[in-house]
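Trainee: The structure follows.
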Amino acid sequence: MWAVVAGVTVMTSCGKSHEDKNKAGAKTANVPNTSRKNALEVRRMFAEFRVREEQYRTKHNAYLATGSEDDRWPPVLAYGAKHDALPTRPAWHKLGTKLDPEALRCSYAVVTGAANDLSNVGQIARKRFGMTQVDKRTSSAGQVDRSIKKVPDQPWFYLLAECDGDGDPKRNAFWLLRSDLRQTFRVDRRH
């Protein structure tokens with residue numbers, strides 16, 4: 001079952017206790033600490049990218065994509081692993097990010113789009129987060145619904161992160177932040 005959780009600091013449980021998983025021989029000794037580290041890294045990266053994207057838009061009147069969802073970088077690492085020396089991506093350099101890619105455990109992409117158009121949205125954002133092309137509607141109270149499914153009426157970007165918290169890539173967590181929304185969304189695989 002997939003669950004979408006609004007808010008960066010919310011963590012989800014994985015059914016069995018970590019002690020039960022360790023008895024079964026799974027490599028989960030550092031899972032709780034790794035999940036917190038991943039959450040902190042994603043928060044830090046999303047803050048850095050958001051600031052740099054807004055600065056870039058001020059100068060160039062557009063946001064800068066770092067690639068597609070399929071072009072996330074650096075590669076996702078399982079807990080406990082470290083990257084060797086990695087070059088900075090040209091788009092990251094062009095944005096002026098001040099991050100050490102060797103210190104990153106999660107993988108990132110910035111996807112951009114035009115106002116009133118979600119055609120650039122990738123499959124992860126569509127399927128796991130429900131970011132789909134639908135009409136903007138106003139509630140009976142006259143307030144515009146700003147949910148993730150609504151189409152931004154201005155140029156936009158979203159940040160996508162993928163993190164491995166337990167060594168099983170089938171259960172990687174995904175995070176998404178869209179420029180016109182204040183929330184960060186997280187989706188995990190629950191068992």
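Residue names in the structure tokens use chain letters A, B, ... in the order shown, residue numbers from 1 in each chain, and ligand numbers from 1 in the order shown.
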I need the residues in region 48-140 of chain A that are strand (DSSP E) according to DSSP; give them as a PyMOL selection string.
Mentor: chain A and resi 107-113
Trainee: Taking the DSSP secondary structure from the backbone, can you list the residues of region 37-75 of chain A that are helix (DSSP H, G or I), as number ranges by chain?
Mentor: A: 37-60, 69-71
Trainee: Could you list, as a PyMOL selection string, every residue within 8 Å of Glu53 (chain A), counting only C-alpha atoms and ignoring same-chain residues fewer than 2 positions away?
Mentor: chain A and resi 49-51+55-57+63-64+95
Trainee: Determine, counting only C-alpha atoms, which protein, DNA and RNA residues have an atom within 9 Å of an atom of Glu69 (chain A); residues of the same chain fewer than 4 positions away are not included. Present the result as a list of chain:residue names.
Mentor: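 Answer for this query is A:Tyr108, A:Ala109, A:Val110, A:Val111, A:Val121, A:Gly122, A:Gln123, A:Ile124, A:Ala125, A:Leu160.
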Trainee: Using C-alpha atoms, can you write the selected residues to a file as a PDB file, in the first residue's frame?
Mentor:
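Ended up saving to out_9.pdb:
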```
ATOM      1  CA  TYR A 108      17.454  14.631  -6.852  1.00  0.00           C
ATOM      2  CA  ALA A 109      15.867  16.205  -9.916  1.00  0.00           C
ATOM      3  CA  VAL A 110      14.252  19.553 -10.669  1.00  0.00           C
ATOM      4  CA  VAL A 111      11.469  19.408 -13.264  1.00  0.00           C
ATOM      5  CA  VAL A 121       5.244  16.107 -15.155  1.00  0.00           C
ATOM      6  CA  GLY A 122       6.986  12.741 -14.922  1.00  0.00           C
ATOM      7  CA  GLN A 123       5.515   9.368 -14.062  1.00  0.00           C
ATOM      8  CA  ILE A 124       6.661   9.396 -10.421  1.00  0.00           C
ATOM      9  CA  ALA A 125       4.921  12.709  -9.728  1.00  0.00           C
ATOM     10  CA  LEU A 160      11.922  15.222  -6.531  1.00  0.00           C
TER      11      LEU A 160
END
```
Trainee: Near region 168-177 of chain A, within 8 Å and counting only C-alpha atoms, which residues show up once chain neighbours fewer than 6 positions away are dropped, as a list in words?
Mentor: Val42, Phe46, Ala78, Ala125, Phe129, Tyr158, Leu159, Leu160, Ala161, Glu162, Gln183, Thr184, Phe185, Arg186, Val187, Asp188, Arg189 and Arg190 of chain A
Trainee: Using only C-alpha atoms, which of the listed residues (A:Arg105, A:Arg72, A:Arg126, A:Arg178) sits closest to Ala91 (chain A)?
Mentor: A:Arg72
Trainee: Considering only C-alpha atoms, can you say which of A:Leu99, A:Ala81, A:Val151, A:Cys163 comes closest to Asp180 (chain A)?
Mentor: A:Val151
Trainee: Give the answer as one residue: which of A:Leu181, A:Lys94, A:Glu102, A:Gln154 has the shortest atom-to-atom distance to His60 (chain A), using only C-alpha atoms?
Mentor: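 So, comparing all the options, the nearest one is A:Lys94.
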Trainee: Which one of A:Ser107, A:Thr34, A:Arg44, A:Ser119 sits closest to Thr66 (chain A) if you count only C-alpha atoms?
Mentor: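 The closest residue to Thr66 (chain A) is A:Ser107.
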Trainee: To one decimal in Å, tell me the separation between CA of Ser68 (chain A) and CA of Arg36 (chain A).
Mentor: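 Answer for the CA of Ser68 (chain A) to CA of Arg36 (chain A) separation: 26.4 Å.
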Trainee: Just the number, please: distance in Å from CA of Asn116 (chain A) to CA of Ser179 (chain A), one decimal.
Mentor: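 CA of Ser179 (chain A) lies at a distance of 13.6 Å from CA of Asn116 (chain A).
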